[in-house]
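The structure appears right after this line, and notes come after that.
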There are 2 protein chains.
Amino acid sequence: MNNRTTLQDVATAAGVSKMTASRALRGEKDVSVTNVEKVRTAAREIGYYGNHLAASLSSKTSDLIGVVVPSLSNIVFPEVMSGVTDVLYGTGFQPVFGVTDYDAEKEYEILRKMLSWRPAGLIVTGLDQPPETLKLLAEADVPVVQIMDCDGVPVDNCVGFSHTKAGRDIASALLAVGRKRFAYVGCNVGKDTRASKRRSGFLNALNAHQIEPCVELLADALSSVETGRRLIHELLAKHPDVDCIYFSNDDLAMGALCYCINVGISVPETIVLAGFNGLDIIQAFPGKIVTSRTSRQEIGEVAAMMILSSIKKEQTGQPKIRIIQPEISLGELGLR
Amino acid sequence: MNNRTTLQDVATAAGVSKMTASRALRGEKDVSVTNVEKVRTAAREIGYYGNHLAASLSSKTSDLIGVVVPSLSNIVFPEVMSGVTDVLYGTGFQPVFGVTDYDAEKEYEILRKMLSWRPAGLIVTGLDQPPETLKLLAEADVPVVQIMDCDGVPVDNCVGFSHTKAGRDIASALLAVGRKRFAYVGCNVGKDTRASKRRSGFLNALNAHQIEPCVELLADALSSVETGRRLIHELLAKHPDVDCIYFSNDDLAMGALCYCINVGISVPETIVLAGFNGLDIIQAFPGKIVTSRTSRQEIGEVAAMMILSSIKKEQTGQPKIRIIQPEISLGELGLR
DNA sequence: TTGAAAGCGCTAACAC
DNA sequence: GTGTTAGCGCTTTCAA
């Protein structure tokens, strides 16, 4: 950091005091039109762009909104970030993103670091933070929105949906179309707590009908289309008779679909593939994959709006919980 | 922003002065082991996490690295961000992301805003910023890395590849396998300058062989698999005889492939589909799509490392240009 | 090894 | 409308 032009330089160039320059640049009224003009011109001429560090320190308000997501390689989270960015654009608030890699300790560190920047608000993925992290959030005294989940009690606000219910609903839908021999295939096991919730919901719903899955395949890998291909290959080698597979998300289901197309297994006739998210990519094969369509962009947008409204009220107010439950898309199965 | 615990609180609790507390927390030597222990304990007990605004303002150094990308909905950029994040993690530097939506004015505003946070470095997508933006970057007096392109002169450092050459090379490869009736299909026209460069390279290489494309289809939409499906449908309706299509990227090519699979057009026999990037998703159909494989994660990593080394040298030093040219993957065509 | 003083660049609060 | 004064919470500098 270096000797950049300061407000004093602008003031001097405009022939006014620092305060008048400050007020003019921030668009406060109570500055004469002449001076506003002089200051603006001077600022532009000397290429002044201020120092937010000093401004925020002095005014005790910052315009940063911290956004913490588990991953960037799952398109779902960039989509959420996109929603946040869109809503924040033009409001004067700026999102700052952090990535945890599904690691609780990393998340704690990132949040501490973010708090040290005195953000105006915090958007965090999930409700299942460890106690220490929750304490940090609760005591931070800034608006917090937890996103992507609603199975649990939020620290402050939350926008998302019930993953347990999503898993349960998919099971019901698949049972309703007459499937019997189920498999579950999951990724990122033990880290993606929301996927685990869907799995629980799914298995519980099957159990309620006295059905046990034929097989569960749980992998450590991050989800990807390629992993989906690999896992269905493994699965079918050992259990060729399954007639329905629930994947922890659409990436895996998509990989499985490609596999089926390549080896000539008819979907959904021979085998039903179910995923989660309703990614754009699966619409490349309309109707082939059963999925729950989530609204990632919208969740990001709502989260940002919740933060903004909390800030405006100057107090956290009533915690708000907004549920945007996914809708099941049965694809071709729905046409029967 | 609010009355949070300050360094003074920690100092008082530890029974030392503010300075000793500051030094202890920052791990400076020249503090007695006893005091380090006392301060650390006190800090933990009262949940102190500092104030970076004050620290950066005072020390005139910040640990923010601004990263500006055009889009979040194209997975390529989250992958770059991922590379940056990985390299920066543990160094004490923190990435701050900005999204321009391929809008030059938005980019300028975002950069100004970032500069007002006195970042330690800046990573910006592309080399074709308008003069005003280039001036801002040049005068900012922080290390700058421009990424994803090398057709042009960087402000400081740059890591990327020649899009012109990428387009030219694809054309040569497609000519070499005997294709004659070409089409070009592009998206986000007029905004994605790097796609335009690929197109120019492609068309120029065709011209060098006295070949004109049968048709060009240029759409305004953002690239997506769905758009690819739509565009190839439109294209083939009017020009059923093309035997090779170059798409502005893999998303479009992937959509086209799905279309061909669905309607029973054999790829690559009847029609060759070429894209750009080498996305994971296209490996779901191994060998079907001709593409140039770019290393997004690596570009992000190298960019972050360039910033770090510029910072360490305390001076911008020799501008560095690092070219990571994509490799063409011919897929099944390569097996002939 | 420790502490006191000064000040980073800005804005809130209060004069004029 | 405009300017002056006094910090924001920290680190740099210098003295002890």
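Residue numbering restarts at 1 for every chain of the structure tokens, chains are lettered A, B, ... in their displayed order, and ligands are numbered from 1 as they appear.
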
Could you name the residues that touch range 223-228 of chain A at 10 Å or less, counting only C-alpha atoms (C1' of nucleotides), but leaving out those on the same chain fewer than 5 positions away, as a PyMOL selection string?
-> (chain A and resi 73-74+185-188+233-234+247-259) or (chain B and resi 280-285)

Considering only C-alpha atoms (C1' of nucleotides), tabulate each residue of chain A that lies at most 9 Å from chain D along with its nearest interatomic pair and the corresponding distance in Å to one decimal; arrange the rows by chain and ascending residue number and present them as a tab-separated table.
```
residue	atom	partner	partner_atom	distance
A:Val16	CA	D:DT2	C1'	8.7
A:Ser17	CA	D:DG3	C1'	6.7
A:Lys18	CA	D:DG3	C1'	8.6
A:Met19	CA	D:DG3	C1'	7.3
A:Thr20	CA	D:DT2	C1'	6.8
A:Asp30	CA	D:DG1	C1'	6.0
A:Val31	CA	D:DG1	C1'	5.9
A:Ser32	CA	D:DG1	C1'	6.5
A:Ala54	CA	D:DC8	C1'	8.4
A:Ser56	CA	D:DC8	C1'	8.5
A:Leu57	CA	D:DC8	C1'	5.1
A:Ser58	CA	D:DC8	C1'	4.4
A:Ser59	CA	D:DC8	C1'	7.3
A:Lys60	CA	D:DC8	C1'	7.0
```

What does the file look like for those residues with N, CA and C atoms, as a compact mmCIF listing (two decimals), in the first residue's frame?
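Saved result, part.txt, follows:
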```
# COMPACT_ATOMS: atom_id res chain seq x y z
N VAL A 16 -11.14 23.85 -1.01
CA VAL A 16 -12.09 23.78 0.10
C VAL A 16 -11.46 22.97 1.23
N SER A 17 -12.20 22.75 2.30
CA SER A 17 -11.67 21.95 3.40
C SER A 17 -11.94 20.47 3.14
N LYS A 18 -11.23 19.63 3.88
CA LYS A 18 -11.39 18.19 3.78
C LYS A 18 -12.86 17.79 3.95
N MET A 19 -13.51 18.42 4.93
CA MET A 19 -14.90 18.04 5.24
C MET A 19 -15.83 18.33 4.08
N THR A 20 -15.67 19.47 3.49
CA THR A 20 -16.53 19.81 2.35
C THR A 20 -16.29 18.82 1.21
N ASP A 30 -26.54 19.86 1.70
CA ASP A 30 -25.88 20.87 2.53
C ASP A 30 -24.46 21.15 2.05
N VAL A 31 -24.25 21.00 0.77
CA VAL A 31 -23.01 21.48 0.16
C VAL A 31 -23.44 22.28 -1.05
N SER A 32 -22.82 23.42 -1.22
CA SER A 32 -23.25 24.28 -2.33
C SER A 32 -22.94 23.61 -3.66
N ALA A 54 -10.03 3.64 5.81
CA ALA A 54 -10.17 4.79 6.69
C ALA A 54 -11.64 5.16 6.86
N SER A 56 -14.35 3.30 6.58
CA SER A 56 -15.10 2.35 7.38
C SER A 56 -14.68 2.42 8.84
N LEU A 57 -13.40 2.59 9.05
CA LEU A 57 -12.92 2.66 10.43
C LEU A 57 -13.54 3.87 11.13
N SER A 58 -13.55 4.96 10.41
CA SER A 58 -14.05 6.19 10.99
C SER A 58 -15.56 6.15 11.19
N SER A 59 -16.27 5.69 10.18
CA SER A 59 -17.73 5.74 10.27
C SER A 59 -18.29 4.54 11.02
N LYS A 60 -17.44 3.58 11.31
CA LYS A 60 -17.86 2.36 12.01
C LYS A 60 -18.94 1.60 11.24
```

Expected answer as a ChimeraX atom specification: helix (DSSP H, G or I) residues in range 101-224 of chain B = /B:104-115,131-139,163-176,193-208

Up to 6 Å from chain B, what residues of chain A turn up? Count only C-alpha atoms and give them as a PyMOL selection string.
-> chain A and resi 1+49-53+57+60-61+72+78+96+116-117+258+284

Please measure the separation of CA of Glu216 in chain B and CA of Ile265 in chain B, giving the value in Å to one decimal.
->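 Interatomic distance, CA of Glu216 in chain B to CA of Ile265 in chain B: 20.4 Å.
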
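For chain C, the residues close to chain B, meaning within 9 Å and counting only C-alpha atoms (C1' of nucleotides), are DT1, DT2, DG3, DG7, DC8 and DG9 of chain C.
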
Filtered DSSP result for range 25-261 of chain A, state strand (DSSP E), as a PyMOL selection string = chain A and resi 64-69+94-99+121-125+144-147+157-160+182-186+215-218+244-247

Shell of 10 Å around range 325-329 of chain A, only C-alpha atoms (C1' of nucleotides), local chain residues under 3 positions omitted, as a PyMOL selection string = chain A and resi 148-150+159-163+165-166+169-170+173+274+276-278+287-295+322+332-334

Would you write out those residues with N, CA and C atoms, as a compact mmCIF listing (two decimals), in the first residue's frame?
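The resulting file, part28.txt, is shown below:
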```txt
# COMPACT_ATOMS: atom_id res chain seq x y z
N MET A 148 -29.50 -22.54 2.19
CA MET A 148 -29.50 -23.88 1.58
C MET A 148 -30.08 -24.98 2.46
N ASP A 149 -30.56 -24.62 3.62
CA ASP A 149 -31.08 -25.65 4.51
C ASP A 149 -32.12 -25.01 5.42
N CYS A 150 -33.05 -25.81 5.92
CA CYS A 150 -33.94 -25.29 6.96
C CYS A 150 -34.26 -26.38 7.98
N VAL A 159 -32.67 -19.01 4.73
CA VAL A 159 -33.43 -19.26 3.52
C VAL A 159 -32.90 -20.54 2.88
N GLY A 160 -33.81 -21.45 2.61
CA GLY A 160 -33.40 -22.73 2.06
C GLY A 160 -34.56 -23.69 2.09
N PHE A 161 -34.24 -24.95 2.24
CA PHE A 161 -35.30 -25.94 2.21
C PHE A 161 -34.90 -27.14 3.05
N SER A 162 -35.87 -28.01 3.27
CA SER A 162 -35.60 -29.20 4.06
C SER A 162 -35.03 -30.31 3.18
N HIS A 163 -33.82 -30.69 3.44
CA HIS A 163 -33.21 -31.76 2.66
C HIS A 163 -33.82 -33.11 3.06
N LYS A 165 -36.86 -33.63 3.90
CA LYS A 165 -38.12 -33.73 3.15
C LYS A 165 -37.86 -34.00 1.67
N ALA A 166 -36.85 -33.38 1.13
CA ALA A 166 -36.53 -33.58 -0.29
C ALA A 166 -36.24 -35.05 -0.56
N ASP A 169 -39.50 -37.05 -0.18
CA ASP A 169 -40.42 -36.84 -1.30
C ASP A 169 -39.99 -37.61 -2.54
N ILE A 170 -38.69 -37.62 -2.77
CA ILE A 170 -38.19 -38.37 -3.94
C ILE A 170 -38.53 -39.85 -3.77
N ALA A 173 -42.13 -40.46 -4.50
CA ALA A 173 -42.42 -40.35 -5.93
C ALA A 173 -41.96 -41.60 -6.66
N ALA A 274 -32.32 -40.89 -10.36
CA ALA A 274 -32.80 -39.70 -9.67
C ALA A 274 -31.63 -38.94 -9.09
N PHE A 276 -30.44 -34.60 -7.73
CA PHE A 276 -30.90 -33.49 -6.90
C PHE A 276 -30.31 -32.20 -7.42
N ASN A 277 -31.15 -31.21 -7.61
CA ASN A 277 -30.80 -29.83 -7.92
C ASN A 277 -31.53 -29.28 -9.14
N GLY A 278 -31.71 -30.15 -10.16
CA GLY A 278 -32.30 -29.62 -11.38
C GLY A 278 -31.34 -28.72 -12.12
N GLY A 287 -36.30 -34.83 -19.59
CA GLY A 287 -37.15 -35.85 -18.99
C GLY A 287 -36.46 -37.11 -18.54
N LYS A 288 -35.16 -37.23 -18.80
CA LYS A 288 -34.50 -38.50 -18.50
C LYS A 288 -34.20 -38.69 -17.02
N ILE A 289 -33.91 -37.59 -16.34
CA ILE A 289 -33.49 -37.71 -14.94
C ILE A 289 -34.56 -37.15 -14.01
N VAL A 290 -34.91 -37.94 -13.01
CA VAL A 290 -35.81 -37.46 -11.97
C VAL A 290 -34.99 -36.60 -11.03
N THR A 291 -35.50 -35.45 -10.67
CA THR A 291 -34.70 -34.58 -9.81
C THR A 291 -35.59 -33.65 -9.00
N SER A 292 -35.00 -33.02 -8.01
CA SER A 292 -35.69 -31.97 -7.26
C SER A 292 -35.10 -30.65 -7.71
N ARG A 293 -35.92 -29.80 -8.28
CA ARG A 293 -35.39 -28.55 -8.80
C ARG A 293 -35.27 -27.50 -7.70
N THR A 294 -34.05 -27.13 -7.35
CA THR A 294 -33.84 -26.10 -6.34
C THR A 294 -33.61 -24.77 -7.04
N SER A 295 -33.86 -23.68 -6.31
CA SER A 295 -33.70 -22.35 -6.90
C SER A 295 -32.48 -21.68 -6.29
N ARG A 322 -37.21 -18.42 5.57
CA ARG A 322 -37.91 -18.48 4.30
C ARG A 322 -37.62 -19.84 3.67
N GLU A 332 -39.94 -38.08 -17.84
CA GLU A 332 -40.80 -38.97 -18.62
C GLU A 332 -41.71 -39.81 -17.73
N LEU A 333 -41.25 -40.09 -16.53
CA LEU A 333 -42.06 -40.90 -15.62
C LEU A 333 -43.38 -40.21 -15.30
N GLY A 334 -43.34 -38.89 -15.35
CA GLY A 334 -44.53 -38.13 -15.00
C GLY A 334 -45.60 -38.19 -16.07
```

Kindly give the distance, in Å, that separates CA of Val177 in chain B and CA of Thr270 in chain B, rounded to a single decimal.
-> 12.9 Å

Any idea what's packed within 7 Å of Arg181 in chain A, counting only C-alpha atoms (C1' of nucleotides), ignoring anything in its chain fewer than 2 positions away? Could you give it as a list in words?
->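 Using only C-alpha atoms (C1' of nucleotides), the neighbours found are Arg179, Ala183, Pro213, Cys214, Val242, Asp243 and Cys244 of chain A.
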